[in-house]
>>> print(open('target-v2.txt').read())   # compact mmCIF, C-alpha atoms and all ligand atoms
# COMPACT_ATOMS: atom_id res chain seq x y z
CA MET A 1 12.64 12.38 26.22
CA ASN A 2 12.12 9.56 28.69
CA TRP A 3 8.33 9.98 28.48
CA LEU A 4 8.49 9.73 24.66
CA PHE A 5 10.43 6.47 24.83
CA ARG A 6 8.02 5.11 27.47
CA TYR A 7 4.99 6.16 25.37
CA LEU A 8 6.38 4.65 22.15
CA THR A 9 7.21 1.35 23.82
CA SER A 10 3.85 1.10 25.60
CA SER A 11 1.13 -1.05 24.08
CA ILE A 12 -1.14 1.93 23.29
CA GLY A 13 1.79 4.03 21.99
CA LYS A 14 2.78 1.29 19.55
CA LYS A 15 -0.83 0.86 18.36
CA GLN A 16 -1.25 4.63 17.87
CA LEU A 17 2.03 4.93 15.96
CA MET A 18 0.97 1.96 13.82
CA ALA A 19 -2.33 3.76 13.08
CA VAL A 20 -0.57 7.03 12.18
CA THR A 21 2.00 5.33 9.89
CA GLY A 22 -0.86 3.34 8.31
CA LEU A 23 -2.78 6.56 7.59
CA MET A 24 0.35 8.11 6.03
CA LEU A 25 0.81 5.01 3.83
CA TYR A 26 -2.83 5.44 2.82
CA GLY A 27 -1.89 8.93 1.58
CA PHE A 28 0.87 7.34 -0.53
CA LEU A 29 -1.58 4.78 -1.97
CA ILE A 30 -3.97 7.56 -3.06
CA THR A 31 -1.25 9.71 -4.71
CA HIS A 32 0.39 6.66 -6.34
CA LEU A 33 -2.95 5.65 -7.86
CA MET A 34 -3.56 9.21 -9.14
CA GLY A 35 -0.16 9.04 -10.89
CA ASN A 36 -0.93 5.59 -12.30
CA PHE A 37 -4.25 6.85 -13.70
CA LEU A 38 -2.10 8.77 -16.22
CA LEU A 39 -1.59 5.39 -17.93
CA PHE A 40 -5.16 5.87 -19.24
CA LEU A 41 -3.95 9.03 -21.04
CA GLY A 42 -1.15 7.31 -22.97
CA ALA A 43 2.60 6.70 -22.90
CA GLU A 44 3.80 10.30 -23.24
CA LYS A 45 1.74 11.68 -20.33
CA PHE A 46 2.70 8.77 -18.04
CA ASN A 47 6.41 8.77 -18.92
CA THR A 48 6.65 12.56 -18.55
CA TYR A 49 5.08 12.28 -15.09
CA GLY A 50 7.54 9.47 -14.16
CA HIS A 51 10.45 11.58 -15.45
CA MET A 52 9.31 14.57 -13.36
CA LEU A 53 9.22 12.36 -10.26
CA ILE A 54 12.59 10.66 -10.84
CA THR A 55 14.40 13.95 -11.59
CA ASN A 56 12.90 15.78 -8.60
CA PRO A 57 15.76 16.57 -6.14
CA MET A 58 13.41 15.66 -3.25
CA ILE A 59 12.96 12.07 -4.53
CA ILE A 60 15.70 10.52 -2.33
CA PRO A 61 14.45 12.10 0.96
CA MET A 62 10.88 11.15 -0.05
CA GLU A 63 11.89 7.54 -0.74
CA ILE A 64 13.75 7.34 2.59
CA GLY A 65 10.63 8.72 4.34
CA LEU A 66 8.39 6.20 2.59
CA LEU A 67 10.69 3.28 3.37
CA SER A 68 10.83 4.37 7.05
CA LEU A 69 7.01 4.43 7.18
CA PHE A 70 6.83 0.88 5.82
CA VAL A 71 9.55 -0.41 8.18
CA ILE A 72 8.00 1.22 11.30
CA HIS A 73 4.47 0.06 10.37
CA ILE A 74 5.56 -3.55 9.74
CA ALA A 75 7.83 -3.76 12.81
CA LEU A 76 5.04 -2.44 15.08
CA ALA A 77 2.45 -4.74 13.51
CA LEU A 78 4.65 -7.78 14.13
CA THR A 79 5.52 -6.87 17.73
CA SER A 80 1.86 -6.03 18.58
CA ALA A 81 0.70 -9.32 17.06
CA LYS A 82 3.31 -11.22 19.07
CA GLU A 83 2.18 -9.48 22.26
CA ASN A 84 -1.49 -10.20 21.43
CA MET A 85 -0.73 -13.89 20.95
CA ALA A 86 1.23 -14.08 24.19
CA ALA A 87 -1.36 -12.10 26.20
CA ARG A 88 -4.02 -14.73 26.84
CA PRO A 89 -4.67 -17.95 25.03
CA VAL A 90 -8.11 -17.97 23.46
CA ASN A 91 -10.03 -21.04 24.50
CA TYR A 92 -13.55 -22.20 23.78
CA GLY A 93 -14.84 -20.49 26.90
CA ALA A 94 -13.43 -17.07 25.95
CA PRO A 95 -15.91 -14.30 25.07
CA LEU A 96 -16.77 -14.08 21.38
CA CYS A 97 -15.34 -10.55 21.04
CA THR A 98 -11.90 -11.67 22.34
CA LYS A 99 -11.84 -14.50 19.80
CA PHE A 100 -12.94 -12.10 17.08
CA THR A 101 -10.21 -9.54 17.96
CA LYS A 102 -7.59 -12.27 17.86
CA VAL A 103 -8.77 -13.70 14.54
CA SER A 104 -9.03 -10.26 12.95
CA SER A 105 -5.53 -9.28 14.14
CA GLN A 106 -4.15 -12.55 12.76
CA THR A 107 -5.86 -11.91 9.41
CA MET A 108 -4.36 -8.42 9.36
CA VAL A 109 -0.86 -9.85 9.90
CA LEU A 110 -1.37 -12.45 7.15
CA SER A 111 -2.86 -9.98 4.65
CA GLY A 112 -0.11 -7.47 5.54
CA MET A 113 2.54 -10.11 4.78
CA ALA A 114 0.90 -10.89 1.43
CA VAL A 115 0.94 -7.14 0.59
CA LEU A 116 4.64 -7.07 1.55
CA VAL A 117 5.39 -9.96 -0.84
CA PHE A 118 3.49 -8.06 -3.57
CA LEU A 119 5.47 -4.90 -2.79
CA VAL A 120 8.85 -6.64 -3.13
CA VAL A 121 7.84 -8.27 -6.45
CA HIS A 122 6.39 -4.95 -7.67
CA ILE A 123 9.43 -2.80 -6.81
CA VAL A 124 11.95 -5.30 -8.18
CA GLY A 125 9.87 -5.51 -11.40
CA VAL A 126 9.28 -1.81 -12.06
CA LYS A 127 12.15 0.00 -10.40
CA TYR A 128 14.86 -2.45 -11.37
CA GLY A 129 13.21 -3.79 -14.56
CA THR A 130 14.54 -3.23 -18.10
CA HIS A 131 15.59 0.40 -18.62
CA TYR A 132 13.99 1.34 -21.96
CA THR A 133 14.31 4.95 -23.04
CA VAL A 134 12.19 7.20 -25.24
CA ASP A 135 12.71 10.68 -26.72
CA TYR A 136 9.88 13.23 -26.42
CA HIS A 137 10.64 16.59 -28.08
CA GLY A 138 14.40 16.20 -27.52
CA VAL A 139 14.15 15.02 -23.88
CA VAL A 140 15.33 11.45 -23.34
CA MET A 141 13.51 9.71 -20.48
CA ARG A 142 12.79 6.23 -19.10
CA ASP A 143 10.02 4.41 -20.99
CA LEU A 144 8.15 3.06 -17.94
CA HIS A 145 4.99 2.70 -20.02
CA ARG A 146 6.65 0.12 -22.31
CA LEU A 147 8.02 -1.78 -19.30
CA LEU A 148 4.57 -1.95 -17.63
CA VAL A 149 2.84 -3.07 -20.86
CA GLU A 150 5.44 -5.82 -21.21
CA ILE A 151 5.13 -6.89 -17.55
CA TYR A 152 1.31 -7.07 -17.63
CA HIS A 153 1.25 -8.94 -20.94
CA ASN A 154 2.11 -11.98 -18.85
CA PRO A 155 -1.32 -13.21 -17.60
CA ILE A 156 0.25 -14.78 -14.49
CA VAL A 157 1.60 -11.36 -13.48
CA THR A 158 -1.78 -9.71 -14.13
CA ILE A 159 -3.59 -12.33 -12.04
CA PHE A 160 -0.99 -11.96 -9.28
CA TYR A 161 -1.48 -8.16 -9.29
CA VAL A 162 -5.29 -8.32 -9.25
CA ALA A 163 -5.33 -10.98 -6.51
CA SER A 164 -2.87 -8.88 -4.48
CA MET A 165 -5.16 -5.85 -4.91
CA GLY A 166 -8.00 -7.95 -3.43
CA ILE A 167 -5.87 -8.66 -0.37
CA LEU A 168 -4.77 -5.01 -0.23
CA GLY A 169 -8.45 -3.93 -0.38
CA PHE A 170 -9.25 -6.12 2.60
CA HIS A 171 -6.16 -4.96 4.56
CA ILE A 172 -6.69 -1.23 4.08
CA THR A 173 -10.47 -1.35 4.59
CA HIS A 174 -10.06 -3.01 7.96
CA GLY A 175 -6.88 -0.99 8.70
CA LEU A 176 -8.52 2.40 8.16
CA GLN A 177 -11.47 1.75 10.44
CA SER A 178 -9.31 0.26 13.19
CA ALA A 179 -6.81 3.18 12.89
CA PHE A 180 -9.65 5.62 13.64
CA GLN A 181 -10.79 3.46 16.53
CA THR A 182 -7.24 3.31 17.96
CA LEU A 183 -6.95 7.10 17.68
CA GLY A 184 -10.12 7.49 19.74
CA PHE A 185 -12.75 8.17 17.07
CA ASN A 186 -15.35 5.93 18.57
CA HIS A 187 -18.85 7.34 18.55
CA LYS A 188 -22.33 5.93 18.02
CA LYS A 189 -22.96 8.56 15.35
CA TYR A 190 -19.57 8.59 13.55
CA THR A 191 -18.47 4.93 13.69
CA PRO A 192 -20.92 3.76 10.95
CA MET A 193 -19.74 6.68 8.79
CA ILE A 194 -16.07 5.73 9.34
CA LYS A 195 -16.87 2.10 8.49
CA ALA A 196 -18.65 3.07 5.26
CA THR A 197 -15.84 5.48 4.23
CA SER A 198 -13.20 2.80 4.93
CA PHE A 199 -15.15 0.30 2.84
CA PHE A 200 -15.61 2.57 -0.19
CA LEU A 201 -12.09 4.03 -0.05
CA GLY A 202 -10.38 0.66 0.51
CA TRP A 203 -12.24 -1.20 -2.21
CA GLY A 204 -12.19 1.90 -4.45
CA LEU A 205 -8.38 1.86 -4.33
CA ALA A 206 -8.23 -1.90 -4.97
CA VAL A 207 -10.58 -1.62 -7.97
CA GLY A 208 -8.71 1.48 -9.25
CA TYR A 209 -5.32 -0.27 -9.20
CA SER A 210 -6.80 -3.42 -10.78
CA ALA A 211 -8.39 -1.34 -13.56
CA VAL A 212 -4.99 0.26 -14.28
CA VAL A 213 -3.34 -3.17 -14.53
CA ILE A 214 -6.06 -4.66 -16.77
CA PHE A 215 -6.12 -1.58 -19.03
CA THR A 216 -2.30 -1.63 -19.36
CA ALA A 217 -2.32 -5.37 -20.07
CA MET A 218 -4.61 -4.67 -23.06
CA GLN A 219 -2.22 -2.13 -24.64
CA LYS A 220 -0.01 -3.09 -27.61
CA VAL A 221 3.76 -3.40 -27.18
CA VAL A 222 5.28 -0.79 -29.53
C1 LIG B 301 -1.29 -1.89 -9.72
C2 LIG B 301 -0.87 -0.86 -10.30
C3 LIG B 301 0.46 -0.20 -10.03
C4 LIG B 301 1.25 0.34 -10.99
C5 LIG B 301 0.97 0.40 -12.49
C6 LIG B 301 2.43 0.88 -10.33
C7 LIG B 301 3.48 1.51 -10.96
C8 LIG B 301 4.67 1.86 -10.38
C9 LIG B 301 5.83 2.37 -11.07
C10 LIG B 301 5.90 2.62 -12.58
C11 LIG B 301 6.82 2.57 -10.17
C12 LIG B 301 8.27 2.98 -10.44
C13 LIG B 301 8.57 4.42 -10.30
C14 LIG B 301 10.08 4.60 -10.38
O1 LIG B 301 10.76 3.98 -11.16
O2 LIG B 301 10.55 5.38 -9.58
C15 LIG B 301 6.27 2.21 -8.87
C16 LIG B 301 6.96 2.28 -7.68
C17 LIG B 301 6.43 1.95 -6.46
N1 LIG B 301 5.18 1.42 -6.21
FE1 LIG B 301 3.75 1.04 -7.58
N2 LIG B 301 2.31 0.65 -8.98
C18 LIG B 301 1.12 -0.02 -8.74
C19 LIG B 301 0.62 -0.43 -7.51
C20 LIG B 301 1.26 -0.24 -6.30
C21 LIG B 301 0.71 -0.59 -5.00
C22 LIG B 301 -0.67 -1.18 -4.78
C23 LIG B 301 1.65 -0.25 -4.07
C24 LIG B 301 1.61 -0.40 -2.59
C25 LIG B 301 0.98 -1.36 -1.95
C26 LIG B 301 2.79 0.31 -4.78
C27 LIG B 301 3.95 0.75 -4.18
C28 LIG B 301 5.05 1.25 -4.86
C29 LIG B 301 6.26 1.70 -4.19
C30 LIG B 301 6.52 1.67 -2.68
C31 LIG B 301 7.13 2.13 -5.20
C32 LIG B 301 8.55 2.70 -5.03
C33 LIG B 301 8.44 4.20 -4.92
C34 LIG B 301 9.80 4.83 -4.94
O3 LIG B 301 10.74 4.27 -4.41
O4 LIG B 301 9.91 5.91 -5.51
N3 LIG B 301 2.51 0.30 -6.12
N4 LIG B 301 4.97 1.77 -9.03
>>> encode(input="target-v2.txt", output="structure tokens")
Amino acid sequence: MNWLFRYLTSSIGKKQLMAVTGLMLYGFLITHLMGNFLLFLGAEKFNTYGHMLITNPMIIPMEIGLLSLFVIHIALALTSAKENMAARPVNYGAPLCTKFTKVSSQTMVLSGMAVLVFLVVHIVGVKYGTHYTVDYHGVVMRDLHRLLVEIYHNPIVTIFYVASMGILGFHITHGLQSAFQTLGFNHKKYTPMIKATSFFLGWGLAVGYSAVVIFTAMQKVV
């Protein structure tokens, strides 16, 4: 057990765990977007999906798992950034790649913090927002569709969401390619492929989420 503790507190151990938790959060982002795409199919489909999720007995363990991933990922990101800053001051004589690594890790911390602010606003708004209900074929469930339409009818909220998705797109595009690099996938042949996949997946997710928000904002409140 001693070796595990030593590995997890080493610089490389922390970076690798940050990469693995980041990849798992990526999995959440993809499934969450697939669920949100049901908004395109109308209120009943989306609310029924939400009801299925909320009433699933595994929801509490899944939420605890998801929260743990976020907490571990953020804590490791902050400690690694602090260590990076303390390591060696970057002066004008430093090699360009050292300066670049430092700037890109600082941008990752800043964009990560902006995503965290978005996440808090988002969860408070949707999870703890007004609890409307609707009856479909005798089953009473939460009307999340109505809540989202109401939320996105405020243009400031829509702009905040779309801008946050831009920052998220940047964060996860850079995050995915650096996670692969940290985990040792560094090859003349595969690195350009990893970079292209990270770009299309990251910006694909950002555009997908933004499309959901804009589409929902255009729906009528019933
Ligand atoms: C932009 C379009 C989005 C829509 C329409 C949307 C919709 C929702 C809804 C309706 C819920 C509440 C489910 C419930 O009550 O249990 C939810 C929860 C959540 N969303 Fe989103 N979401 C969006 C984007 C995002 C993004 C980009 C992230 C991550 C960066 C995210 C992270 C979460 C998390 C962590 C939860 C809580 C999950 C749970 O505790 O069960 N969402 N979202």
>>> closest_residue(input="target-v2.txt", among="A:Ala86, A:Met141, A:Met58, A:Leu29", to="ligand LIG 301 (chain B)", atoms="only C-alpha atoms and all ligand atoms")
A:Leu29
>>> residues_near_ligand(input="target-v2.txt", ligand="ligand LIG 301 (chain B)", cutoff="6 Å", atoms="only C-alpha atoms and all ligand atoms", output="list in words")
Asn36, Ile54, Glu63, Leu119, Ile123, Val126, Lys127, Leu144, Tyr209, Ser210, Val212 and Val213 of chain A
>>> axis_aligned_box(input="target-v2.txt", around="stretch 167-176 of chain A", padding_each_side="6 Å", output="lines of an AutoDock Vina configuration file")
center_x = -7.6
center_y = -3.1
center_z = 4.2
size_x = 17.7
size_y = 23.1
size_z = 21.1
>>> residues_around(input="target-v2.txt", residues="A:Leu69", least_positions_apart="6", cutoff="8 Å", atoms="only C-alpha atoms", output="list in words")
Thr21, Met24 and Leu25 of chain A
>>> closest_residue(input="target-v2.txt", among="A:Lys15, A:His145, A:Lys220, A:His153", to="A:Thr133", atoms="all atoms listed in the file")
A:His145
>>> residues_around(input="target-v2.txt", residues="A:Thr79", least_positions_apart="6", cutoff="12 Å", atoms="all atoms listed in the file", output="compact mmCIF listing (two decimals) with C-alpha atoms, keeping the file's coordinate frame")
# COMPACT_ATOMS: atom_id res chain seq x y z
CA THR A 9 7.21 1.35 23.82
CA SER A 10 3.85 1.10 25.60
CA SER A 11 1.13 -1.05 24.08
CA LYS A 14 2.78 1.29 19.55
CA LYS A 15 -0.83 0.86 18.36
CA MET A 18 0.97 1.96 13.82
CA ILE A 72 8.00 1.22 11.30
CA HIS A 73 4.47 0.06 10.37
CA MET A 85 -0.73 -13.89 20.95
CA ALA A 86 1.23 -14.08 24.19
CA SER A 105 -5.53 -9.28 14.14
CA VAL A 109 -0.86 -9.85 9.90
>>> residues_around(input="target-v2.txt", residues="A:Tyr26", least_positions_apart="6", cutoff="10 Å", atoms="only C-alpha atoms", output="list in words")
Val20, His32, Ile172, Gly175, Leu176, Leu201, Gly202 and Leu205 of chain A
>>> atom_distance(input="target-v2.txt", atom1="atom CA of A:Val134", atom2="atom CA of A:Thr48")
10.2 Å
>>> atom_distance(input="target-v2.txt", atom1="atom CA of A:Ala179", atom2="atom CA of A:Gly112")
14.6 Å
>>> atom_distance(input="target-v2.txt", atom1="atom CA of A:Thr107", atom2="atom CA of A:His171")
8.5 Å
>>> residues_around(input="target-v2.txt", residues="A:Phe40", least_positions_apart="6", cutoff="9 Å", atoms="all atoms listed in the file", output="list of chain:residue names")
A:Phe46, A:Val212, A:Phe215, A:Thr216
>>> residues_around(input="target-v2.txt", residues="A:Lys45", least_positions_apart="2", cutoff="12 Å", atoms="only C-alpha atoms", output="list in words")
Gly35, Asn36, Phe37, Leu38, Leu39, Phe40, Leu41, Gly42, Ala43, Asn47, Thr48, Tyr49, Gly50, His51, Met52, Tyr136, Met141, Asp143, Leu144 and His145 of chain A
>>> closest_residue(input="target-v2.txt", among="A:Ile30, A:Val221, A:Ala211, A:Ile74", to="A:Leu17", atoms="all atoms listed in the file")
A:Ile74
>>> closest_residue(input="target-v2.txt", among="A:Ile214, A:Val71, A:Val124, A:Met108", to="A:Pro155", atoms="only C-alpha atoms")
A:Ile214
>>> decode(input="target-v2.txt", residues="stretch 49-60 of chain A", atoms="N, CA and C atoms", output="mmCIF file, in the first residue's frame")
data_model
loop_
_atom_site.group_PDB
_atom_site.id
_atom_site.type_symbol
_atom_site.label_atom_id
_atom_site.label_comp_id
_atom_site.auth_asym_id
_atom_site.auth_seq_id
_atom_site.Cartn_x
_atom_site.Cartn_y
_atom_site.Cartn_z
ATOM 1 N N TYR A 49 -37.028 10.555 -19.983
ATOM 2 C CA TYR A 49 -35.618 10.160 -19.793
ATOM 3 C C TYR A 49 -35.117 10.655 -18.429
ATOM 4 N N GLY A 50 -35.424 11.936 -18.097
ATOM 5 C CA GLY A 50 -35.016 12.516 -16.810
ATOM 6 C C GLY A 50 -35.615 11.728 -15.650
ATOM 7 N N HIS A 51 -36.893 11.326 -15.808
ATOM 8 C CA HIS A 51 -37.589 10.573 -14.753
ATOM 9 C C HIS A 51 -36.921 9.215 -14.537
ATOM 10 N N MET A 52 -36.547 8.578 -15.660
ATOM 11 C CA MET A 52 -35.871 7.265 -15.592
ATOM 12 C C MET A 52 -34.553 7.383 -14.827
ATOM 13 N N LEU A 53 -33.841 8.484 -15.091
ATOM 14 C CA LEU A 53 -32.541 8.694 -14.424
ATOM 15 C C LEU A 53 -32.733 8.924 -12.925
ATOM 16 N N ILE A 54 -33.662 9.857 -12.597
ATOM 17 C CA ILE A 54 -33.852 10.261 -11.197
ATOM 18 C C ILE A 54 -34.353 9.097 -10.349
ATOM 19 N N THR A 55 -35.200 8.212 -10.959
ATOM 20 C CA THR A 55 -35.792 7.126 -10.165
ATOM 21 C C THR A 55 -34.927 5.860 -10.181
ATOM 22 N N ASN A 56 -33.798 5.905 -10.890
ATOM 23 C CA ASN A 56 -32.903 4.749 -10.913
ATOM 24 C C ASN A 56 -32.238 4.594 -9.536
ATOM 25 N N PRO A 57 -32.326 3.384 -8.914
ATOM 26 C CA PRO A 57 -31.737 3.225 -7.574
ATOM 27 C C PRO A 57 -30.219 3.456 -7.539
ATOM 28 N N MET A 58 -29.581 3.405 -8.724
ATOM 29 C CA MET A 58 -28.113 3.596 -8.771
ATOM 30 C C MET A 58 -27.723 5.079 -8.839
ATOM 31 N N ILE A 59 -28.742 5.980 -8.874
ATOM 32 C CA ILE A 59 -28.436 7.402 -9.101
ATOM 33 C C ILE A 59 -27.534 7.989 -8.000
ATOM 34 N N ILE A 60 -27.798 7.632 -6.722
ATOM 35 C CA ILE A 60 -26.993 8.220 -5.635
ATOM 36 C C ILE A 60 -25.531 7.744 -5.730
#
